[in-house]
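S.K.: Below you'll find the structure I mean.
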Amino acid sequence: MSRELFENALREVRRFYEASQELSGFKAFPGDDGLRWQELEPHYINPATLFSEDQSIQSGQFSDALDALLAVKDVALWRETYKDTNIGDDFLNRFGCYELFGWEGHFHCQETRGFIVYSAGELYYPWHHHPAEEMYFILAGEAEFATEGNSPKMLKPGDTVFHAENQPHNMQTREKGVLAWVQWRGDMSVAPVLTDHLNGEL
């Protein structure tokens with residue numbers, strides 16, 4: 001049953017992905033021969049509950065994708081990237097992501113990695129960086145994104161933002177939460193790390 005849910009989620013992701021010039025230009029959606037289903041042990045965290053209850057992201061132009069991604073929330077392997085840092089419990093309790101396809105995704109893919117990212121409203125995602133080049137695609141809600149040296153910019157459904165290799169960036173939600181698709185390419189071997197010189201004492 002869980003495989004059927006994930007396959008439906010993958011179809012819906014492919015639909016908006018291939019319709020987006022920014023996403024498909026950043027990295028072509030992997031072909032069927034590049035995706036291999038793998039059964040993963042689910043890991044449920046509190047943000048998954050907030051994701052399902054957040055009225056600020058429950059409608060819009062990508063509602064079919066949202067429904068499909070919500071359908072797998074109970075069986076997804078939710079990640080806790082910053083669990084062993086001093087980022088704080090409020091962030092850990094209200095921010096979550098899972099890898100749909102990639103090295104550790106529900107569909108194994110060697111060439112690229114794709115994640116669902118959810119953040120509740122009024123939450124600050126501190127400065128962080130990673131070697132992978134990254135594209136954010138907003139599916140629902142809204143958030144302010146900033147890169148080092150640049151002013152924040154509010155992004156809404158259908159908007160994208162690109163982060164270069166090891167370019168520090170942050171995210172701030174306001175009244176609304178945000179749901180985004182995040183795509184990686186390049187050196188994808190290192191998880192995001194907090195950018196100490198910009199964050200100071202968290």
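Going by the structure tokens order, chains are called A, B, ..., each with residues numbered from 1, while ligands are numbered from 1 in the order shown.
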Give me the residues near Asn166 (chain A) as a PyMOL selection string, where near means some atom within 6 Å (using only C-alpha atoms) and where sequence neighbours in that chain fewer than 5 positions away do not count.
M.R.: chain A and resi 129-131
S.K.: Wanna dump the region 91-145 of chain A-region 177-193 of chain A contacts at 8 Å for me, each residue with its shortest atom pair and the distance in Å to one decimal, counting only C-alpha atoms, ordered by chain and number, as JSON lines?
M.R.:
{"residue": "A:Glu111", "atom": "CA", "partner": "A:Arg185", "partner_atom": "CA", "distance": 7.5}
{"residue": "A:Thr112", "atom": "CA", "partner": "A:Arg185", "partner_atom": "CA", "distance": 5.4}
{"residue": "A:Arg113", "atom": "CA", "partner": "A:Trp184", "partner_atom": "CA", "distance": 5.2}
{"residue": "A:Gly114", "atom": "CA", "partner": "A:Gln183", "partner_atom": "CA", "distance": 4.6}
{"residue": "A:Phe115", "atom": "CA", "partner": "A:Val182", "partner_atom": "CA", "distance": 5.0}
{"residue": "A:Ile116", "atom": "CA", "partner": "A:Trp181", "partner_atom": "CA", "distance": 5.0}
{"residue": "A:Val117", "atom": "CA", "partner": "A:Ala180", "partner_atom": "CA", "distance": 5.2}
{"residue": "A:Tyr118", "atom": "CA", "partner": "A:Leu179", "partner_atom": "CA", "distance": 4.6}
{"residue": "A:Ser119", "atom": "CA", "partner": "A:Val178", "partner_atom": "CA", "distance": 5.4}
{"residue": "A:Ala120", "atom": "CA", "partner": "A:Gly177", "partner_atom": "CA", "distance": 4.3}
{"residue": "A:Gly121", "atom": "CA", "partner": "A:Gly177", "partner_atom": "CA", "distance": 4.0}
{"residue": "A:Glu122", "atom": "CA", "partner": "A:Gly177", "partner_atom": "CA", "distance": 7.5}
{"residue": "A:His128", "atom": "CA", "partner": "A:Val193", "partner_atom": "CA", "distance": 5.4}
{"residue": "A:His129", "atom": "CA", "partner": "A:Pro192", "partner_atom": "CA", "distance": 5.5}
{"residue": "A:His130", "atom": "CA", "partner": "A:Pro192", "partner_atom": "CA", "distance": 4.8}
{"residue": "A:Pro131", "atom": "CA", "partner": "A:Asp187", "partner_atom": "CA", "distance": 5.6}
{"residue": "A:Ala132", "atom": "CA", "partner": "A:Asp187", "partner_atom": "CA", "distance": 4.8}
{"residue": "A:Glu133", "atom": "CA", "partner": "A:Arg185", "partner_atom": "CA", "distance": 5.4}
{"residue": "A:Glu134", "atom": "CA", "partner": "A:Trp184", "partner_atom": "CA", "distance": 4.7}
{"residue": "A:Met135", "atom": "CA", "partner": "A:Gln183", "partner_atom": "CA", "distance": 5.2}
{"residue": "A:Tyr136", "atom": "CA", "partner": "A:Val182", "partner_atom": "CA", "distance": 4.6}
{"residue": "A:Phe137", "atom": "CA", "partner": "A:Trp181", "partner_atom": "CA", "distance": 5.1}
{"residue": "A:Ile138", "atom": "CA", "partner": "A:Ala180", "partner_atom": "CA", "distance": 4.4}
{"residue": "A:Leu139", "atom": "CA", "partner": "A:Ala180", "partner_atom": "CA", "distance": 5.2}
{"residue": "A:Ala140", "atom": "CA", "partner": "A:Leu179", "partner_atom": "CA", "distance": 5.1}
{"residue": "A:Gly141", "atom": "CA", "partner": "A:Val178", "partner_atom": "CA", "distance": 4.4}
{"residue": "A:Glu142", "atom": "CA", "partner": "A:Val178", "partner_atom": "CA", "distance": 5.1}
{"residue": "A:Ala143", "atom": "CA", "partner": "A:Val178", "partner_atom": "CA", "distance": 6.2}
S.K.: Those residues with N, CA and C atoms, as a CSV table (one decimal), in the first residue's frame please?
M.R.:
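result-v4.csv, written as the output of this step:
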chain,number,residue,atom,x,y,z
A,111,GLU,N,21.6,10.1,-9.6
A,111,GLU,CA,22.1,11.4,-10.2
A,111,GLU,C,21.6,12.7,-9.6
A,112,THR,N,20.6,12.6,-8.8
A,112,THR,CA,20.0,13.8,-8.2
A,112,THR,C,19.2,13.4,-7.0
A,113,ARG,N,18.9,14.4,-6.2
A,113,ARG,CA,18.1,14.2,-4.9
A,113,ARG,C,17.0,15.2,-4.9
A,114,GLY,N,15.8,14.7,-4.5
A,114,GLY,CA,14.6,15.6,-4.4
A,114,GLY,C,13.9,15.4,-3.1
A,115,PHE,N,13.6,16.6,-2.4
A,115,PHE,CA,13.0,16.6,-1.1
A,115,PHE,C,11.7,17.4,-1.0
A,116,ILE,N,10.9,16.9,-0.1
A,116,ILE,CA,9.8,17.8,0.3
A,116,ILE,C,10.2,18.5,1.6
A,117,VAL,N,10.0,19.8,1.7
A,117,VAL,CA,10.3,20.6,2.8
A,117,VAL,C,9.1,21.3,3.3
A,118,TYR,N,8.8,21.2,4.6
A,118,TYR,CA,7.7,21.9,5.2
A,118,TYR,C,8.2,22.7,6.4
A,119,SER,N,7.7,24.0,6.5
A,119,SER,CA,8.0,24.8,7.7
A,119,SER,C,6.7,25.5,8.1
A,120,ALA,N,6.4,25.4,9.4
A,120,ALA,CA,5.2,26.1,9.9
A,120,ALA,C,5.4,27.6,9.9
A,121,GLY,N,4.4,28.3,10.1
A,121,GLY,CA,4.4,29.8,10.1
A,121,GLY,C,5.2,30.4,11.3
A,122,GLU,N,5.7,31.6,11.1
A,122,GLU,CA,6.5,32.3,12.1
A,122,GLU,C,7.7,31.5,12.6
A,128,HIS,N,22.5,28.6,6.6
A,128,HIS,CA,23.1,27.2,6.4
A,128,HIS,C,23.6,27.1,5.0
A,129,HIS,N,24.4,26.1,4.7
A,129,HIS,CA,25.0,25.9,3.4
A,129,HIS,C,25.3,24.5,3.2
A,130,HIS,N,25.7,24.1,1.9
A,130,HIS,CA,26.0,22.7,1.6
A,130,HIS,C,26.7,22.8,0.2
A,131,PRO,N,27.5,21.8,-0.1
A,131,PRO,CA,28.2,21.8,-1.4
A,131,PRO,C,27.2,21.6,-2.6
A,132,ALA,N,26.1,21.0,-2.4
A,132,ALA,CA,25.2,20.8,-3.5
A,132,ALA,C,24.6,22.1,-4.0
A,133,GLU,N,24.4,22.2,-5.3
A,133,GLU,CA,23.6,23.3,-5.8
A,133,GLU,C,22.1,22.9,-5.6
A,134,GLU,N,21.3,24.0,-5.4
A,134,GLU,CA,19.9,23.7,-4.9
A,134,GLU,C,18.9,24.6,-5.6
A,135,MET,N,17.8,24.0,-5.9
A,135,MET,CA,16.7,24.8,-6.4
A,135,MET,C,15.4,24.6,-5.5
A,136,TYR,N,14.9,25.6,-5.0
A,136,TYR,CA,13.6,25.6,-4.2
A,136,TYR,C,12.5,25.9,-5.2
A,137,PHE,N,11.4,25.2,-5.1
A,137,PHE,CA,10.2,25.5,-5.9
A,137,PHE,C,9.0,25.5,-4.9
A,138,ILE,N,8.3,26.6,-4.7
A,138,ILE,CA,7.3,26.8,-3.7
A,138,ILE,C,6.0,26.1,-4.3
A,139,LEU,N,5.4,25.2,-3.5
A,139,LEU,CA,4.2,24.5,-3.8
A,139,LEU,C,3.0,25.2,-3.1
A,140,ALA,N,3.1,25.6,-1.9
A,140,ALA,CA,2.0,26.2,-1.1
A,140,ALA,C,2.6,27.1,0.0
A,141,GLY,N,1.7,28.1,0.4
A,141,GLY,CA,2.2,29.0,1.4
A,141,GLY,C,3.2,30.0,0.8
A,142,GLU,N,4.0,30.5,1.7
A,142,GLU,CA,5.0,31.5,1.3
A,142,GLU,C,6.1,31.6,2.3
A,143,ALA,N,7.2,32.1,1.9
A,143,ALA,CA,8.4,32.4,2.8
A,143,ALA,C,9.3,33.4,2.2
S.K.: With only C-alpha atoms as the basis for distance, which of A:Arg94, A:Gly31, A:Phe6, A:Trp37 is at the shortest distance from Asp74 (chain A)?
M.R.: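 Closest residue, counting only C-alpha atoms: A:Phe6.
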S.K.: Can you check which residues of region 56-139 of chain A DSSP gives as strand (DSSP E) on the backbone and send them as number ranges by chain?
M.R.: A: 78-79, 95-102, 107-108, 113-119, 124-129, 133-139
S.K.: Those same residues - C-alpha atoms - I'd like them written as a PDB file, in the first residue's frame.
M.R.:
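Output file again-v1.pdb follows:
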ATOM      1  CA  TRP A  78      11.148  12.161   7.855  1.00  0.00           C
ATOM      2  CA  ARG A  79      14.632  13.566   8.382  1.00  0.00           C
ATOM      3  CA  PHE A  95      10.295  22.022  10.466  1.00  0.00           C
ATOM      4  CA  GLY A  96      10.582  18.759   8.577  1.00  0.00           C
ATOM      5  CA  CYS A  97      11.560  17.175   5.282  1.00  0.00           C
ATOM      6  CA  TYR A  98      11.744  13.815   3.587  1.00  0.00           C
ATOM      7  CA  GLU A  99      13.609  12.617   0.512  1.00  0.00           C
ATOM      8  CA  LEU A 100      11.245  11.317  -2.164  1.00  0.00           C
ATOM      9  CA  PHE A 101      14.003  10.273  -4.542  1.00  0.00           C
ATOM     10  CA  GLY A 102      17.758  10.274  -4.185  1.00  0.00           C
ATOM     11  CA  PHE A 107      13.005   5.867  -4.765  1.00  0.00           C
ATOM     12  CA  HIS A 108      16.745   5.397  -5.061  1.00  0.00           C
ATOM     13  CA  ARG A 113      18.117  14.193  -4.936  1.00  0.00           C
ATOM     14  CA  GLY A 114      14.623  15.615  -4.421  1.00  0.00           C
ATOM     15  CA  PHE A 115      13.049  16.560  -1.097  1.00  0.00           C
ATOM     16  CA  ILE A 116       9.751  17.751   0.313  1.00  0.00           C
ATOM     17  CA  VAL A 117      10.315  20.555   2.831  1.00  0.00           C
ATOM     18  CA  TYR A 118       7.696  21.912   5.213  1.00  0.00           C
ATOM     19  CA  SER A 119       7.984  24.811   7.661  1.00  0.00           C
ATOM     20  CA  TYR A 124      13.182  31.103  11.110  1.00  0.00           C
ATOM     21  CA  TYR A 125      15.449  28.627   9.310  1.00  0.00           C
ATOM     22  CA  PRO A 126      18.940  29.940  10.173  1.00  0.00           C
ATOM     23  CA  TRP A 127      21.808  30.532   7.783  1.00  0.00           C
ATOM     24  CA  HIS A 128      23.092  27.237   6.378  1.00  0.00           C
ATOM     25  CA  HIS A 129      25.029  25.941   3.400  1.00  0.00           C
ATOM     26  CA  GLU A 133      23.602  23.297  -5.841  1.00  0.00           C
ATOM     27  CA  GLU A 134      19.949  23.699  -4.925  1.00  0.00           C
ATOM     28  CA  MET A 135      16.659  24.825  -6.387  1.00  0.00           C
ATOM     29  CA  TYR A 136      13.616  25.583  -4.221  1.00  0.00           C
ATOM     30  CA  PHE A 137      10.177  25.453  -5.868  1.00  0.00           C
ATOM     31  CA  ILE A 138       7.288  26.750  -3.745  1.00  0.00           C
ATOM     32  CA  LEU A 139       4.193  24.538  -3.787  1.00  0.00           C
TER      33      LEU A 139
END
S.K.: Could you find all residues in chain A that DSSP calls alpha helix (DSSP H) from the backbone, and write them as a PyMOL selection string?
M.R.: chain A and resi 2-19+21-26+46-53+63-71+89-94+196-199
S.K.: Produce a file of the selected residues containing N, CA and C atoms, as a short mmCIF file (atom, residue, chain, number, x, y, z; two decimals), in the first residue's frame.
M.R.:
data_model
loop_
_atom_site.label_atom_id
_atom_site.label_comp_id
_atom_site.auth_asym_id
_atom_site.auth_seq_id
_atom_site.Cartn_x
_atom_site.Cartn_y
_atom_site.Cartn_z
N SER A 2 1.90 1.28 0.83
CA SER A 2 2.73 2.48 0.90
C SER A 2 3.41 2.75 -0.44
N ARG A 3 3.80 1.68 -1.16
CA ARG A 3 4.44 1.89 -2.46
C ARG A 3 3.48 2.58 -3.42
N GLU A 4 2.22 2.20 -3.43
CA GLU A 4 1.24 2.84 -4.30
C GLU A 4 1.11 4.32 -3.98
N LEU A 5 1.12 4.65 -2.70
CA LEU A 5 1.02 6.05 -2.29
C LEU A 5 2.23 6.84 -2.77
N PHE A 6 3.41 6.26 -2.63
CA PHE A 6 4.62 6.95 -3.07
C PHE A 6 4.68 7.06 -4.59
N GLU A 7 4.21 6.05 -5.29
CA GLU A 7 4.21 6.13 -6.76
C GLU A 7 3.26 7.23 -7.24
N ASN A 8 2.15 7.39 -6.53
CA ASN A 8 1.24 8.48 -6.88
C ASN A 8 1.89 9.83 -6.59
N ALA A 9 2.57 9.93 -5.45
CA ALA A 9 3.28 11.17 -5.13
C ALA A 9 4.33 11.48 -6.19
N LEU A 10 5.05 10.46 -6.63
CA LEU A 10 6.07 10.65 -7.65
C LEU A 10 5.45 11.16 -8.95
N ARG A 11 4.30 10.62 -9.35
CA ARG A 11 3.63 11.09 -10.56
C ARG A 11 3.24 12.56 -10.46
N GLU A 12 2.72 12.95 -9.29
CA GLU A 12 2.31 14.33 -9.11
C GLU A 12 3.50 15.28 -9.10
N VAL A 13 4.59 14.84 -8.50
CA VAL A 13 5.80 15.66 -8.51
C VAL A 13 6.32 15.81 -9.94
N ARG A 14 6.32 14.71 -10.68
CA ARG A 14 6.78 14.78 -12.08
C ARG A 14 5.96 15.80 -12.88
N ARG A 15 4.66 15.86 -12.57
CA ARG A 15 3.76 16.73 -13.32
C ARG A 15 4.16 18.20 -13.17
N PHE A 16 4.33 18.67 -11.92
CA PHE A 16 4.69 20.08 -11.77
C PHE A 16 6.15 20.32 -12.12
N TYR A 17 6.98 19.32 -11.90
CA TYR A 17 8.41 19.45 -12.18
C TYR A 17 8.65 19.69 -13.67
N GLU A 18 8.07 18.83 -14.50
CA GLU A 18 8.31 18.94 -15.94
C GLU A 18 7.60 20.14 -16.55
N ALA A 19 6.59 20.69 -15.86
CA ALA A 19 5.92 21.90 -16.34
C ALA A 19 6.70 23.17 -15.96
N GLN A 21 9.92 25.38 -16.15
CA GLN A 21 11.16 25.58 -16.90
C GLN A 21 12.36 25.67 -15.98
N GLU A 22 12.14 26.28 -14.80
CA GLU A 22 13.25 26.45 -13.86
C GLU A 22 13.73 25.11 -13.33
N LEU A 23 12.79 24.26 -12.89
CA LEU A 23 13.18 22.95 -12.36
C LEU A 23 13.78 22.06 -13.43
N SER A 24 13.09 21.93 -14.56
CA SER A 24 13.57 21.03 -15.60
C SER A 24 14.86 21.54 -16.22
N GLY A 25 15.07 22.87 -16.20
CA GLY A 25 16.33 23.41 -16.68
C GLY A 25 17.46 23.23 -15.70
N PHE A 26 17.13 23.18 -14.42
CA PHE A 26 18.13 22.96 -13.38
C PHE A 26 18.64 21.52 -13.42
N ASN A 46 6.87 15.43 14.68
CA ASN A 46 5.79 16.37 14.93
C ASN A 46 5.47 17.27 13.74
N PRO A 47 6.45 17.76 12.97
CA PRO A 47 6.11 18.60 11.83
C PRO A 47 5.19 17.93 10.82
N ALA A 48 5.19 16.60 10.75
CA ALA A 48 4.29 15.91 9.83
C ALA A 48 2.84 16.16 10.23
N THR A 49 2.56 16.21 11.51
CA THR A 49 1.21 16.52 11.99
C THR A 49 0.84 17.96 11.66
N LEU A 50 1.77 18.88 11.90
CA LEU A 50 1.52 20.28 11.58
C LEU A 50 1.27 20.46 10.08
N PHE A 51 2.02 19.75 9.27
CA PHE A 51 1.87 19.77 7.82
C PHE A 51 0.44 19.42 7.42
N SER A 52 -0.12 18.40 8.03
CA SER A 52 -1.47 17.96 7.67
C SER A 52 -2.55 18.89 8.19
N GLU A 53 -2.25 19.67 9.22
CA GLU A 53 -3.25 20.54 9.85
C GLU A 53 -3.13 22.01 9.45
N SER A 63 -2.73 21.75 -5.71
CA SER A 63 -3.49 20.99 -4.71
C SER A 63 -3.39 19.48 -4.93
N ASP A 64 -3.32 19.03 -6.18
CA ASP A 64 -3.20 17.58 -6.43
C ASP A 64 -1.88 17.05 -5.88
N ALA A 65 -0.82 17.81 -6.09
CA ALA A 65 0.48 17.40 -5.55
C ALA A 65 0.45 17.43 -4.03
N LEU A 66 -0.16 18.46 -3.46
CA LEU A 66 -0.26 18.56 -2.01
C LEU A 66 -0.99 17.36 -1.44
N ASP A 67 -2.11 16.98 -2.05
CA ASP A 67 -2.88 15.83 -1.57
C ASP A 67 -2.04 14.56 -1.61
N ALA A 68 -1.29 14.37 -2.70
CA ALA A 68 -0.47 13.17 -2.85
C ALA A 68 0.66 13.14 -1.83
N LEU A 69 1.24 14.29 -1.56
CA LEU A 69 2.34 14.36 -0.61
C LEU A 69 1.85 14.22 0.82
N LEU A 70 0.65 14.72 1.08
CA LEU A 70 0.03 14.52 2.39
C LEU A 70 -0.28 13.04 2.63
N ALA A 71 -0.64 12.33 1.58
CA ALA A 71 -1.06 10.94 1.72
C ALA A 71 0.07 10.03 2.19
N ASP A 89 14.57 23.40 20.10
CA ASP A 89 13.42 22.50 19.99
C ASP A 89 12.29 23.09 19.16
N ASP A 90 12.11 24.40 19.21
CA ASP A 90 11.02 25.00 18.44
C ASP A 90 11.19 24.72 16.95
N PHE A 91 12.41 24.85 16.46
CA PHE A 91 12.67 24.57 15.05
C PHE A 91 12.45 23.09 14.77
N LEU A 92 13.00 22.21 15.58
CA LEU A 92 12.88 20.77 15.35
C LEU A 92 11.43 20.31 15.38
N ASN A 93 10.61 20.98 16.18
CA ASN A 93 9.21 20.59 16.30
C ASN A 93 8.32 21.16 15.21
N ARG A 94 8.86 22.11 14.40
CA ARG A 94 8.00 22.77 13.41
C ARG A 94 8.57 22.81 12.01
N ASP A 196 28.14 29.16 10.79
CA ASP A 196 28.43 29.72 12.12
C ASP A 196 28.70 31.22 12.09
N HIS A 197 29.47 31.70 11.10
CA HIS A 197 29.87 33.10 11.13
C HIS A 197 28.69 34.04 10.88
N LEU A 198 27.57 33.53 10.36
CA LEU A 198 26.40 34.35 10.16
C LEU A 198 25.36 34.20 11.27
N ASN A 199 25.35 33.04 11.89
CA ASN A 199 24.35 32.79 12.92
C ASN A 199 24.74 33.26 14.31
#
S.K.: Quote the spacing between CA of Ile57 (chain A) and CA of Glu175 (chain A) in Å to one decimal place.
M.R.: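 Taking CA of Ile57 (chain A) and CA of Glu175 (chain A), their separation equals 11.1 Å.
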S.K.: Applying 7 Å and only C-alpha atoms, which residues near Lys153 (chain A) remain after dropping the ones on its own chain fewer than 5 positions away? List them as a PyMOL selection string.
M.R.: chain A and resi 144-146
S.K.: How would the residues just chosen look if you wrote them out with C-alpha atoms as an mmCIF file, in the first residue's frame?
M.R.:
data_model
loop_
_atom_site.group_PDB
_atom_site.id
_atom_site.type_symbol
_atom_site.label_atom_id
_atom_site.label_comp_id
_atom_site.auth_asym_id
_atom_site.auth_seq_id
_atom_site.Cartn_x
_atom_site.Cartn_y
_atom_site.Cartn_z
ATOM 1 C CA GLU A 144 11.137 34.928 2.662
ATOM 2 C CA PHE A 145 14.434 33.628 1.295
ATOM 3 C CA ALA A 146 17.781 35.396 1.607
#
